[in-house]
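Below is the file final03.cif, which contains mmCIF, C-alpha atoms.
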data_model
#
loop_
_atom_site.label_atom_id
_atom_site.label_comp_id
_atom_site.auth_asym_id
_atom_site.auth_seq_id
_atom_site.Cartn_x
_atom_site.Cartn_y
_atom_site.Cartn_z
CA MET A 1049 0.00 0.00 0.00
CA SER A 1050 1.04 3.63 -0.38
CA THR A 1051 1.92 5.21 2.96
CA ALA A 1052 0.80 8.58 1.58
CA GLU A 1053 -2.83 7.40 1.32
CA LEU A 1054 -5.46 6.25 3.79
CA PHE A 1055 -5.33 2.53 4.52
CA MET A 1056 -9.09 2.44 5.18
CA GLU A 1057 -11.72 5.04 4.40
CA PRO A 1058 -14.18 5.82 7.27
CA GLU A 1059 -16.99 3.81 5.67
CA GLU A 1060 -14.61 0.88 5.16
CA VAL A 1061 -13.67 1.01 8.85
CA GLU A 1062 -17.34 0.86 9.88
CA ASP A 1063 -17.98 -2.08 7.54
CA PHE A 1064 -14.92 -3.93 8.80
CA ILE A 1065 -15.88 -3.49 12.47
CA ARG A 1066 -19.47 -4.60 11.86
CA GLU A 1067 -18.47 -7.62 9.78
CA THR A 1068 -15.80 -8.62 12.33
CA LEU A 1069 -18.47 -8.81 15.03
CA GLU A 1070 -21.02 -10.61 12.89
CA ASP A 1071 -18.85 -13.05 10.93
CA ASP A 1072 -17.10 -15.72 12.98
CA ALA A 1073 -15.34 -17.03 9.86
CA LEU A 1074 -12.81 -14.15 10.26
CA CYS A 1075 -13.30 -10.87 8.47
CA THR A 1076 -10.14 -9.71 6.68
CA TYR A 1077 -9.11 -6.57 4.83
CA SER A 1078 -6.51 -5.96 2.15
CA VAL A 1079 -5.31 -3.04 0.05
CA ASP A 1080 -3.91 -3.19 -3.49
CA ASP A 1081 -4.10 -6.99 -3.56
CA GLY A 1082 -1.83 -7.13 -0.51
CA PRO A 1083 -2.03 -9.59 2.38
CA GLU A 1084 -5.44 -10.11 3.97
CA ILE A 1085 -5.37 -9.24 7.66
CA GLY A 1086 -8.00 -9.35 10.37
CA LEU A 1087 -8.65 -10.10 14.05
CA CYS A 1088 -8.22 -13.67 15.28
CA PRO A 1089 -7.62 -15.60 18.52
CA TYR A 1090 -4.03 -16.36 19.52
CA ILE A 1091 -1.86 -17.48 22.43
CA THR A 1092 1.83 -16.72 22.96
CA PHE A 1093 4.32 -18.22 25.42
CA TYR A 1094 7.49 -16.27 26.31
CA ILE A 1095 10.13 -18.60 27.80
CA TYR A 1096 13.22 -17.45 29.67
CA HIS A 1097 16.02 -20.01 29.32
CA LEU A 1098 19.76 -20.54 29.60
CA PRO A 1099 21.96 -21.66 26.65
CA GLU A 1100 21.92 -25.27 27.83
CA ASP A 1101 18.12 -25.28 27.54
CA TYR A 1102 18.24 -24.72 23.73
CA LEU A 1103 17.96 -28.35 22.60
CA PRO A 1104 15.54 -29.47 25.37
CA LEU A 1105 13.29 -26.56 24.36
CA VAL A 1106 13.37 -27.67 20.71
CA ASP A 1107 12.30 -31.14 21.87
CA LYS A 1108 9.34 -29.64 23.73
CA MET A 1109 8.37 -27.38 20.82
CA THR A 1110 8.51 -30.37 18.46
CA CYS A 1111 6.22 -32.37 20.73
CA ILE A 1112 3.74 -29.49 20.92
CA TYR A 1113 3.90 -29.04 17.13
CA LYS A 1114 2.88 -32.66 16.61
CA THR A 1115 0.01 -32.37 19.09
CA PHE A 1116 -1.15 -29.09 17.55
CA GLY A 1117 -1.22 -30.75 14.14
CA GLN A 1118 -3.68 -33.29 15.52
CA LEU A 1119 -5.99 -30.54 16.82
CA ILE A 1120 -6.41 -28.41 13.72
CA ASP A 1121 -9.39 -29.00 11.42
CA VAL A 1122 -7.78 -27.38 8.36
CA PRO A 1123 -4.36 -28.59 7.15
CA PHE A 1124 -1.29 -26.38 6.90
CA GLN A 1125 -0.63 -25.02 3.43
CA ILE A 1126 2.90 -23.69 3.92
CA ILE A 1127 5.72 -24.77 6.25
CA TRP A 1128 9.05 -23.10 7.01
CA LYS A 1129 12.25 -24.93 6.07
CA ASP A 1130 14.64 -23.54 8.62
CA ASP A 1131 18.03 -24.57 7.21
CA THR A 1132 17.30 -22.87 3.84
CA GLN A 1133 15.13 -20.07 5.27
CA ASP A 1134 12.28 -20.81 2.82
CA TRP A 1135 8.50 -21.19 2.97
CA LEU A 1136 7.49 -24.31 1.04
CA PRO A 1137 4.13 -25.96 0.24
CA ALA A 1138 3.17 -28.40 2.98
CA ALA A 1139 3.41 -31.35 0.58
CA ASP A 1140 6.94 -30.46 -0.60
CA LYS A 1141 9.24 -33.46 -0.22
CA ARG A 1142 12.16 -31.22 0.73
CA LEU A 1143 10.56 -30.50 4.10
CA PRO A 1144 12.05 -32.47 6.99
CA ASN A 1145 10.02 -34.80 9.15
CA PRO A 1146 9.30 -33.26 12.57
CA ASP A 1147 11.22 -36.16 14.11
CA ASP A 1148 14.33 -34.65 12.49
CA PHE A 1149 13.89 -31.22 14.12
CA PRO A 1150 16.16 -31.96 17.14
CA ALA A 1151 19.06 -33.03 14.91
CA LEU A 1152 18.62 -29.97 12.69
CA ALA A 1153 18.45 -27.73 15.74
CA CYS A 1154 21.77 -29.14 16.94
CA ILE A 1155 23.36 -27.88 13.72
CA GLN A 1156 21.72 -24.47 14.11
CA GLN A 1157 22.92 -24.20 17.69
CA LYS A 1158 26.53 -24.90 16.69
CA GLU A 1159 26.24 -22.11 14.12
CA LEU A 1160 24.84 -19.79 16.83
CA ARG A 1161 21.53 -19.45 14.98
CA PRO A 1162 17.97 -19.63 16.32
CA PHE A 1163 15.78 -22.56 15.34
CA TRP A 1164 12.28 -21.86 14.00
CA ILE A 1165 9.32 -24.18 13.53
CA MET A 1166 6.62 -22.36 11.57
CA ALA A 1167 3.49 -23.30 9.62
CA SER A 1168 0.29 -21.61 8.41
CA ASP A 1169 -2.99 -22.72 6.86
CA GLN A 1170 -2.80 -19.75 4.44
CA GLU A 1171 -0.97 -19.46 1.13
CA SER A 1172 1.13 -16.56 2.46
CA GLU A 1173 2.71 -16.02 5.86
CA ALA A 1174 1.69 -12.34 5.64
CA THR A 1175 -2.03 -13.23 5.63
CA THR A 1176 -3.86 -13.65 8.92
CA ALA A 1177 -4.15 -17.38 9.55
CA ARG A 1178 -6.97 -19.42 11.04
CA TRP A 1179 -4.37 -21.90 12.26
CA ALA A 1180 -0.68 -21.08 12.64
CA PHE A 1181 2.31 -22.34 14.59
CA CYS A 1182 5.42 -20.23 15.21
CA ALA A 1183 8.17 -21.42 17.56
CA LYS A 1184 11.47 -19.53 17.87
CA VAL A 1185 14.18 -21.01 20.09
CA ARG A 1186 17.12 -18.66 20.58
CA ASP A 1187 20.48 -18.93 22.31
CA GLY A 1188 19.11 -17.45 25.53
CA GLY A 1189 21.01 -14.17 25.41
CA MET A 1190 18.67 -11.19 25.66
CA ARG A 1191 15.54 -12.65 24.09
CA TYR A 1192 12.86 -14.99 25.29
CA ALA A 1193 12.21 -18.11 23.26
CA THR A 1194 8.64 -17.80 22.00
CA LEU A 1195 5.78 -19.97 20.82
CA LYS A 1196 2.74 -18.36 19.20
CA LEU A 1197 -0.34 -20.31 18.18
CA THR A 1198 -3.16 -18.87 16.11
CA PHE A 1199 -6.39 -20.84 16.47
CA ARG A 1200 -9.77 -20.87 14.76
CA HIS A 1201 -12.52 -19.17 16.75
CA LYS A 1202 -15.32 -21.41 15.46
CA TRP A 1203 -13.34 -24.56 16.30
CA TYR A 1204 -12.58 -23.20 19.77
CA ARG A 1205 -16.27 -22.56 20.50
CA GLN A 1206 -16.93 -26.26 19.87
CA ASN A 1207 -13.81 -27.57 21.67
CA LYS A 1208 -13.27 -25.30 24.68
CA ALA A 1209 -12.36 -27.99 27.20
CA ARG A 1210 -10.02 -29.75 24.76
CA TRP A 1211 -8.21 -26.50 23.96
CA GLN A 1212 -7.82 -25.42 27.59
CA THR A 1213 -6.43 -28.83 28.53
CA PHE A 1214 -3.90 -28.56 25.69
CA ILE A 1215 -2.84 -25.05 26.76
CA LYS A 1216 -2.39 -25.99 30.40
CA ASP A 1217 -0.20 -28.90 29.30
CA CYS A 1218 1.88 -26.50 27.15
CA ILE A 1219 2.39 -24.22 30.16
CA ALA A 1220 3.47 -27.16 32.31
CA GLN A 1221 5.98 -28.25 29.65
CA LEU A 1222 7.38 -24.84 28.67
CA GLN A 1223 7.34 -23.10 32.07
CA PRO A 1224 6.99 -19.69 30.37
CA GLU A 1225 7.67 -16.40 32.11
CA HIS A 1226 4.82 -14.71 30.21
CA CYS A 1227 1.75 -16.14 28.52
CA TYR A 1228 -1.16 -14.21 26.98
CA SER A 1229 -4.21 -15.23 25.00
CA GLY A 1230 -7.06 -13.30 23.40
CA PHE A 1231 -7.72 -11.54 20.09
CA GLU A 1232 -5.11 -9.75 17.98
CA VAL A 1233 -4.64 -8.46 14.46
CA GLY A 1234 -3.32 -11.81 13.35
CA ASN A 1235 0.37 -11.82 12.48
CA GLY A 1236 1.21 -15.42 13.30
CA GLY A 1237 4.51 -14.33 14.82
CA PHE A 1238 6.24 -14.84 11.47
CA ASN A 1239 8.91 -12.19 11.89
CA ILE A 1240 6.33 -9.55 10.99
CA LEU A 1241 8.65 -6.71 12.06
CA GLY A 1242 7.94 -3.76 9.82
CA VAL A 1243 4.47 -4.62 8.51
CA TYR A 1244 2.88 -1.21 8.21
CA GLU A 1245 -0.67 -2.40 7.53
CA SER A 1246 -0.88 -4.34 10.80
CA ASP A 1247 0.28 -1.31 12.80
CA VAL A 1248 -2.46 0.79 11.22
CA LEU A 1249 -5.23 -1.79 11.66
CA GLU A 1250 -4.26 -2.29 15.30
CA ARG A 1251 -4.59 1.41 15.98
CA ILE A 1252 -7.95 1.55 14.18
CA CYS A 1253 -9.36 -1.46 16.05
CA ALA A 1254 -8.10 -0.20 19.42
CA ASP A 1255 -10.80 2.49 19.29
CA TYR A 1256 -13.53 -0.11 18.83
CA PHE A 1257 -12.49 -3.15 20.91
CA TYR A 1258 -11.36 -3.20 24.53
CA GLY A 1259 -10.58 -6.90 24.13
CA MET A 1260 -7.96 -6.58 21.39
CA ASP A 1261 -4.37 -7.34 22.42
CA ILE A 1262 -1.14 -6.42 20.63
CA ASP A 1263 1.50 -9.14 20.52
CA HIS A 1264 4.69 -8.69 18.46
CA THR A 1265 7.09 -11.41 19.57
CA SER A 1266 10.01 -10.05 17.55
CA ARG A 1267 9.64 -6.59 19.07
CA MET A 1268 8.45 -7.33 22.60
CA GLY A 1269 10.33 -10.52 23.38
CA PHE A 1270 13.34 -9.06 25.20
CA HIS A 1271 14.19 -9.56 28.87
CA SER A 1272 17.26 -7.29 28.65
CA PHE A 1273 19.59 -7.01 31.64
CA CYS A 1274 16.94 -6.84 34.29
CA TYR A 1275 16.55 -9.42 37.03
CA HIS A 1276 18.46 -12.06 35.01
CA ARG A 1277 21.71 -10.12 35.01
CA ASP A 1278 23.23 -12.28 37.75
CA ASP A 1279 22.54 -15.50 35.85
CA PRO A 1280 25.45 -17.40 34.26
CA ILE A 1281 24.08 -16.28 30.87
CA PHE A 1282 25.98 -13.03 31.33
CA ASP A 1283 29.71 -13.62 31.62
CA PRO A 1284 32.08 -10.67 32.24
CA GLU A 1285 32.82 -10.26 28.53
CA ALA A 1286 29.10 -10.14 27.70
CA LEU A 1287 28.66 -7.32 30.21
CA GLU A 1288 31.66 -5.33 29.00
CA GLY A 1289 30.62 -1.78 28.23
CA LEU A 1290 27.43 -2.11 30.26
CA ASN A 1291 28.90 -1.16 33.62
CA ASN A 1292 27.31 2.25 33.39
CA LEU A 1293 23.85 0.67 33.54
CA PRO A 1294 22.07 0.33 36.90
CA GLU A 1295 22.63 -3.05 38.48
CA LYS A 1296 19.06 -4.17 37.73
CA TYR A 1297 18.50 -2.21 34.53
CA THR A 1298 15.34 -3.03 32.62
CA ASP A 1299 14.37 -1.57 29.26
CA PRO A 1300 10.84 -0.31 30.05
CA SER A 1301 9.68 -0.95 26.47
CA ASP A 1302 10.29 -4.72 26.68
CA LEU A 1303 8.31 -7.48 28.39
CA GLY A 1304 11.19 -7.99 30.77
CA ALA A 1305 9.90 -4.86 32.51
CA GLY A 1306 6.50 -6.24 33.49
CA LEU A 1307 3.20 -7.75 32.43
CA ARG A 1308 0.99 -6.71 29.53
CA THR A 1309 -2.56 -5.60 30.22
CA PRO A 1310 -4.57 -8.87 30.05
CA THR A 1311 -7.55 -9.13 27.73
CA TRP A 1312 -8.63 -12.74 28.35
CA CYS A 1313 -6.17 -15.39 29.61
CA PHE A 1314 -2.84 -14.58 31.25
CA LEU A 1315 -0.19 -16.19 33.45
CA LEU A 1316 1.14 -15.14 36.82
CA THR A 1317 4.39 -17.05 37.31
CA PRO A 1318 6.10 -17.45 40.69
CA PHE A 1319 8.57 -14.72 39.67
CA TRP A 1320 5.86 -12.17 38.91
CA LEU A 1321 3.85 -13.18 41.96
CA ALA A 1322 6.90 -12.38 44.06
CA LYS A 1323 7.33 -9.04 42.29
CA LEU A 1324 3.68 -8.34 42.97
CA GLY A 1325 4.04 -9.37 46.60
CA LYS A 1326 0.98 -11.63 46.33
CA SER A 1327 0.33 -15.24 47.27
CA GLU A 1328 -1.98 -17.60 45.40
CA ALA A 1329 -4.59 -17.04 48.11
CA ASP A 1330 -4.28 -13.25 47.66
CA VAL A 1331 -4.86 -13.52 43.92
CA ARG A 1332 -7.84 -15.82 44.33
CA ALA A 1333 -9.36 -13.42 46.84
CA GLU A 1334 -8.90 -10.37 44.60
CA LEU A 1335 -10.25 -12.19 41.52
CA ASP A 1336 -13.10 -13.90 43.33
CA ASP A 1337 -15.79 -14.11 40.65
CA PRO A 1338 -17.67 -17.15 39.30
CA ARG A 1339 -16.78 -16.09 35.75
CA ILE A 1340 -13.02 -16.25 36.42
CA GLU A 1341 -11.16 -19.57 36.34
CA ILE A 1342 -7.77 -19.83 38.07
CA THR A 1343 -5.69 -22.96 37.59
CA ALA A 1344 -2.53 -23.61 39.62
CA ILE A 1345 0.18 -25.19 37.43
CA PRO A 1346 3.38 -26.62 39.01
CA PHE A 1347 6.58 -24.69 38.27
CA ALA A 1348 10.06 -26.10 38.79
CA VAL A 1349 12.24 -25.06 41.71
CA GLY A 1350 14.97 -22.68 40.54
CA PRO A 1351 16.77 -19.39 41.19
CA HIS A 1352 13.57 -17.45 40.53
CA ASN A 1353 11.31 -19.97 42.29
CA PRO A 1354 13.25 -21.22 45.32
CA ASN A 1355 10.15 -22.46 47.15
CA GLY A 1356 8.61 -24.31 44.22
CA GLU A 1357 5.50 -22.11 44.05
CA ALA A 1358 2.86 -22.77 41.40
CA GLY A 1359 2.08 -20.48 38.49
CA LEU A 1360 -1.50 -19.27 38.07
CA TRP A 1361 -3.21 -19.55 34.68
CA ILE A 1362 -6.13 -17.12 34.79
CA ARG A 1363 -9.09 -17.07 32.37
CA LEU A 1364 -11.27 -13.94 32.51
CA GLY A 1365 -14.68 -15.16 31.39
CA GLU A 1366 -15.35 -15.98 27.74
CA LEU A 1367 -13.22 -15.12 24.72
CA ASP A 1368 -14.64 -11.79 23.59
CA LEU A 1369 -13.56 -8.70 21.66
CA HIS A 1370 -15.48 -6.53 24.15
CA PRO A 1371 -16.78 -3.82 21.80
CA VAL A 1372 -16.32 -0.34 23.23
CA GLU A 1373 -20.00 0.36 22.63
CA ASN A 1374 -20.87 -2.32 25.20
CA GLY A 1375 -18.98 -0.56 27.98
CA VAL A 1376 -15.80 -1.30 29.90
CA PRO A 1377 -15.63 -5.04 30.77
CA ASP A 1378 -15.59 -5.39 34.54
CA LEU A 1379 -13.47 -8.56 34.61
CA LEU A 1380 -10.66 -6.86 32.68
CA VAL A 1381 -10.85 -3.91 35.06
CA LYS A 1382 -10.55 -6.29 38.00
CA ALA A 1383 -7.53 -8.12 36.53
CA ASN A 1384 -5.87 -4.86 35.55
CA ARG A 1385 -6.22 -3.56 39.10
CA LEU A 1386 -4.42 -6.69 40.34
CA ILE A 1387 -1.40 -6.52 38.00
CA ARG A 1388 -1.14 -2.72 37.80
CA PRO A 1389 1.94 -2.47 40.11
CA ILE A 1390 3.96 -4.64 37.68
CA ARG A 1391 2.30 -3.56 34.43
CA CYS A 1392 4.61 -2.73 31.52
CA ASP A 1393 3.06 0.64 30.71
CA ASP A 1394 5.86 1.77 28.38
CA LEU A 1395 5.72 -1.32 26.17
CA ASN A 1396 6.50 -0.38 22.55
CA LEU A 1397 3.47 -1.21 20.40
CA LEU A 1398 4.93 -0.20 17.02
CA THR A 1399 6.92 -2.37 14.65
CA LEU A 1400 7.94 0.75 12.67
CA ASP A 1401 8.51 4.25 14.00
CA ALA A 1402 5.97 6.89 13.01
CA TRP A 1403 6.93 9.60 10.54
CA ASP A 1404 5.67 13.07 9.66
CA ASP A 1405 2.74 13.47 7.27
CA ASP A 1406 1.54 9.90 7.79
CA PRO A 1407 -2.21 10.10 7.07
CA ASN A 1408 -3.01 6.85 8.89
CA PRO A 1409 -3.64 6.44 12.61
CA ARG A 1410 -0.82 4.68 14.45
CA PHE A 1411 0.27 4.37 18.03
CA ASP A 1412 2.77 6.85 19.42
CA TYR A 1413 4.19 7.09 22.93
CA GLU A 1414 1.24 9.00 24.35
CA SER A 1415 -1.50 6.85 22.83
CA SER A 1416 0.41 3.64 23.69
CA LEU A 1417 0.53 4.69 27.33
CA ARG A 1418 -3.18 5.54 27.37
CA TRP A 1419 -4.05 2.24 25.71
CA MET A 1420 -2.02 0.18 28.20
CA ARG A 1421 -3.91 2.00 30.98
CA ARG A 1422 -7.34 1.72 29.37
CA PHE A 1423 -8.83 -0.27 32.25
CA ASP A 1424 -7.74 2.18 34.95
CA GLU A 1425 -10.53 3.97 36.76
CA ASP A 1426 -9.37 7.38 35.54
CA SER A 1427 -8.93 6.34 31.89
CA ASP A 1428 -10.79 8.09 29.10
CA TRP A 1429 -9.88 5.57 26.38
CA PRO A 1430 -10.82 5.75 23.54
CA ASN A 1431 -12.35 9.18 24.26
CA ALA A 1432 -14.42 10.87 26.93
CA GLU A 1433 -17.69 10.60 25.01
CA LYS A 1434 -17.46 6.85 24.41
CA ARG A 1435 -15.99 6.17 27.81
CA ASN A 1436 -18.79 8.05 29.57
CA VAL A 1437 -16.34 9.43 32.12
CA GLY A 1438 -17.82 10.09 35.56
CA SER A 1439 -20.48 7.38 35.48
CA PRO A 1440 -20.35 3.60 35.29
CA ALA A 1441 -20.22 2.20 31.78
CA ILE A 1442 -23.02 -0.12 30.71
CA ARG A 1443 -21.74 -3.65 30.10
CA ARG A 1444 -24.35 -5.79 28.37
CA SER A 1445 -23.61 -9.45 28.92
CA ASN A 1446 -23.98 -12.05 26.19
CA VAL A 1447 -27.31 -13.86 26.41
CA PRO A 1448 -27.56 -17.64 25.83
CA ALA A 1449 -30.29 -19.01 23.58
CA ASN A 1450 -33.68 -19.76 25.15
CA HIS A 1451 -33.27 -16.98 27.71
CA PRO A 1452 -35.29 -13.74 27.83
CA CYS A 1453 -33.91 -10.63 26.15
CA PRO A 1454 -32.70 -8.26 28.90
CA GLU A 1455 -33.05 -5.05 26.86
CA THR A 1456 -35.01 -3.94 23.80
CA GLY A 1457 -32.75 -3.38 20.80
CA TRP A 1458 -30.74 -4.98 18.01
CA TRP A 1459 -28.74 -8.14 18.81
CA PHE A 1460 -26.61 -10.56 16.79
CA THR A 1461 -24.96 -13.95 17.27
CA PRO A 1462 -21.55 -15.05 15.89
CA ALA A 1463 -23.17 -18.49 15.37
CA GLN A 1464 -24.81 -17.22 12.17
CA ALA A 1465 -23.76 -14.71 9.53
CA ASN A 1466 -26.04 -11.67 9.05
CA SER A 1467 -27.95 -12.55 12.21
CA ARG A 1468 -28.70 -9.05 13.52
CA ARG A 1469 -32.27 -9.04 14.85
CA TYR A 1470 -34.54 -6.79 16.85
CA PHE A 1471 -35.80 -8.16 20.17
CA LYS A 1472 -38.08 -6.61 22.73
CA GLN A 1473 -37.31 -6.97 26.41
CA ASP A 1474 -38.36 -10.42 27.69
CA ASP A 1475 -38.56 -11.92 24.18
CA ILE A 1476 -37.08 -15.43 24.22
CA MET A 1477 -33.87 -15.36 22.19
CA PRO A 1478 -33.66 -18.43 19.92
CA SER A 1479 -30.97 -20.95 19.11
CA VAL A 1480 -29.83 -20.80 15.48
CA GLY A 1481 -28.58 -24.40 15.37
CA GLY A 1482 -25.81 -25.45 13.00
CA ASP A 1483 -22.35 -26.76 13.88
CA TYR A 1484 -21.10 -23.59 15.57
CA GLY A 1485 -21.83 -24.69 19.12
CA ASP A 1486 -23.93 -22.89 21.72
CA THR A 1487 -25.78 -19.78 20.55
CA PHE A 1488 -25.02 -16.56 22.46
CA TRP A 1489 -26.66 -13.27 21.50
CA GLN A 1490 -24.60 -10.07 21.73
CA TRP A 1491 -25.70 -6.44 21.80
CA SER A 1492 -25.07 -4.98 18.35
CA PRO A 1493 -22.86 -1.86 18.10
CA ASP A 1494 -25.20 -0.78 15.28
CA GLN A 1495 -28.59 0.07 16.81
CA SER A 1496 -29.98 1.68 13.65
CA PRO A 1497 -32.82 0.01 11.67
CA PRO A 1498 -31.78 -1.69 8.43
CA LYS A 1499 -31.61 0.53 5.38
CA LEU A 1500 -34.46 -0.02 2.94
#
Represent the structure contained in this file as structure tokens.
Amino acid sequence: MSTAELFMEPEEVEDFIRETLEDDALCTYSVDDGPEIGLCPYITFYIYHLPEDYLPLVDKMTCIYKTFGQLIDVPFQIIWKDDTQDWLPAADKRLPNPDDFPALACIQQKELRPFWIMASDQESEATTARWAFCAKVRDGGMRYATLKLTFRHKWYRQNKARWQTFIKDCIAQLQPEHCYSGFEVGNGGFNILGVYESDVLERICADYFYGMDIDHTSRMGFHSFCYHRDDPIFDPEALEGLNNLPEKYTDPSDLGAGLRTPTWCFLLTPFWLAKLGKSEADVRAELDDPRIEITAIPFAVGPHNPNGEAGLWIRLGELDLHPVENGVPDLLVKANRLIRPIRCDDLNLLTLDAWDDDPNPRFDYESSLRWMRRFDEDSDWPNAEKRNVGSPAIRRSNVPANHPCPETGWWFTPAQANSRRYFKQDDIMPSVGGDYGDTFWQWSPDQSPPKL
């Protein structure tokens, strides 16, 4: 696209937002026959590790890759061949068998190179996937190893228990220091650094969805010289020239500085619990709500977990984009209040720096800070009018089928395309059937009658 022109006209933005809410098959947008991008569910694991953990981590990633391949209901179309740095069709005979990944990773490690396992169900890695796998195992220097999974929303709605069991097993295996799940402008984690269109769409969607997250593993995945500086990772030569830094220096724009604002599921590891000064009982008390699920997952004893405390995997209700028009979601406010003392407010949300005369909306330092703080009580995000500052925001809950309508107006269900309907208060809201799973009706952002 031309960076001197608007990425999306105002009417295109409105259409995209409406279709994203109404079409569970994933609404995408492209310009000039470029990659199709849209909002999709994802989960990312950020793993702190030492150099000797490189090959064991590849073994774990390989195991998860095989299991993930058994979950997906649409096959991969392209797969990354790491030794030649190429994307190849999934049926290409030059691709190695996953059983060969550990041996190939051993070669990469000797050459001081990261090892990547990547696959997508799309024809291009630049297009938002329904299913994608992206594992990057590094030498352990200043970056986390990462695993990002993109998953299909419709499949998830029909397989919630199966997916959550799989994710909890991944956490137990990988022992990540960060883990986040929710909706994002799907980038698959495929080294997307520098994709202008995604930056723009993220900024556009941030004004419409409280439940959108921003996850750039290549940009955010640094732990710097913070609390790990005393680890054997940093020998005297590695620290040469850094003596002028504070002893526990942390780059505030990296995830090493703190937690991201959660939008659905997130992890509190023993390390972050200690930083927060909270016990498991404290967290359960502060997040006491029947809609919140907290699962304790064993974490290994180590320098950052001397007492063998458990990590807490926390799910904040149902997977939801939380449209701004529906009000500020109370569960996200509650979770934000808990993690606020260790929140990474200065996290860099851009893959490319902004420049003068850019006609498209993009995050800058000020808007990034406001967005990270959007669930604070004194926030006015996205603006004072929509936020309704000074009075509680109305949060209309999703209504299951066969229950009475709580408020007269227009509603829709992701279980059926073009489902927007007008219900009067106390009307029984129907099930639409099909293979989507349970029917839940949501308050429509568009309350205007249909155009004749």
Between atom CA of Gly1082 of chain A and atom CA of Thr1175 of chain A, measure the distance and give it in Å to one decimal.
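A separation of 8.7 Å between them.
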Might you pull out every residue within 7 Å of segment 1403-1419 of chain A, with all atoms listed in the file counted and same-chain residues fewer than 6 positions away left off, and present them as a PyMOL selection string?
chain A and resi 1051-1055+1247-1248+1251-1252+1393-1394+1397+1429
Evaluate the PyMOL selection byres ((chain A and resi 1087) around 6) against this structure - the residues, as a ChimeraX atom specification, please.
/A:1086,1088,1232-1234
Could you make a table, as a tab-separated table, of the residues of segment 1362-1465 of chain A that have an atom within 10 Å of an atom of segment 1190-1214 of chain A, each with its nearest atom pair and distance in Å to one decimal, counting only C-alpha atoms, in chain and number order?
residue	atom	partner	partner_atom	distance
A:Arg1363	CA	A:Gln1212	CA	9.7
A:Glu1366	CA	A:Arg1205	CA	9.8
A:Leu1367	CA	A:His1201	CA	9.0
A:Pro1462	CA	A:Lys1202	CA	8.9
A:Ala1463	CA	A:Lys1202	CA	8.4
Please indicate the distance in Å from atom CA of Asp1169 of chain A to atom CA of Ile1126 of chain A, rounded to one decimal place.
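Atom CA of Ile1126 of chain A lies at a distance of 6.7 Å from atom CA of Asp1169 of chain A.
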Just give me the gap between atom CA of Glu1425 of chain A and atom CA of Gly1457 of chain A in Å, one decimal is fine.
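Computing the Euclidean distance for atom CA of Glu1425 of chain A and atom CA of Gly1457 of chain A yields 28.3 Å.
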Can you list what the PyMOL selection byres ((chain A and resi 1328) around 9) grabs from this structure, as number ranges by chain?
A: 1321, 1326-1327, 1329-1333, 1344, 1357-1360
I would like the residues chosen by the PyMOL selection byres ((chain A and resi 1427) around 12) on the shown file; could you give them as an NGL selection string?
:A and (1376 or 1381 or 1415 or 1417-1426 or 1428-1438)
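Among the candidates A:Met1166, A:Leu1105, A:Leu1386, A:Val1243, the residue lying nearest to Trp1320 of chain A is A:Leu1386 (atoms considered: all atoms listed in the file).
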Between A:Phe1116, A:Phe1149, A:Phe1488, A:Tyr1256, which one has atoms that come closest to Pro1104 of chain A, using all atoms listed in the file?
A:Phe1149
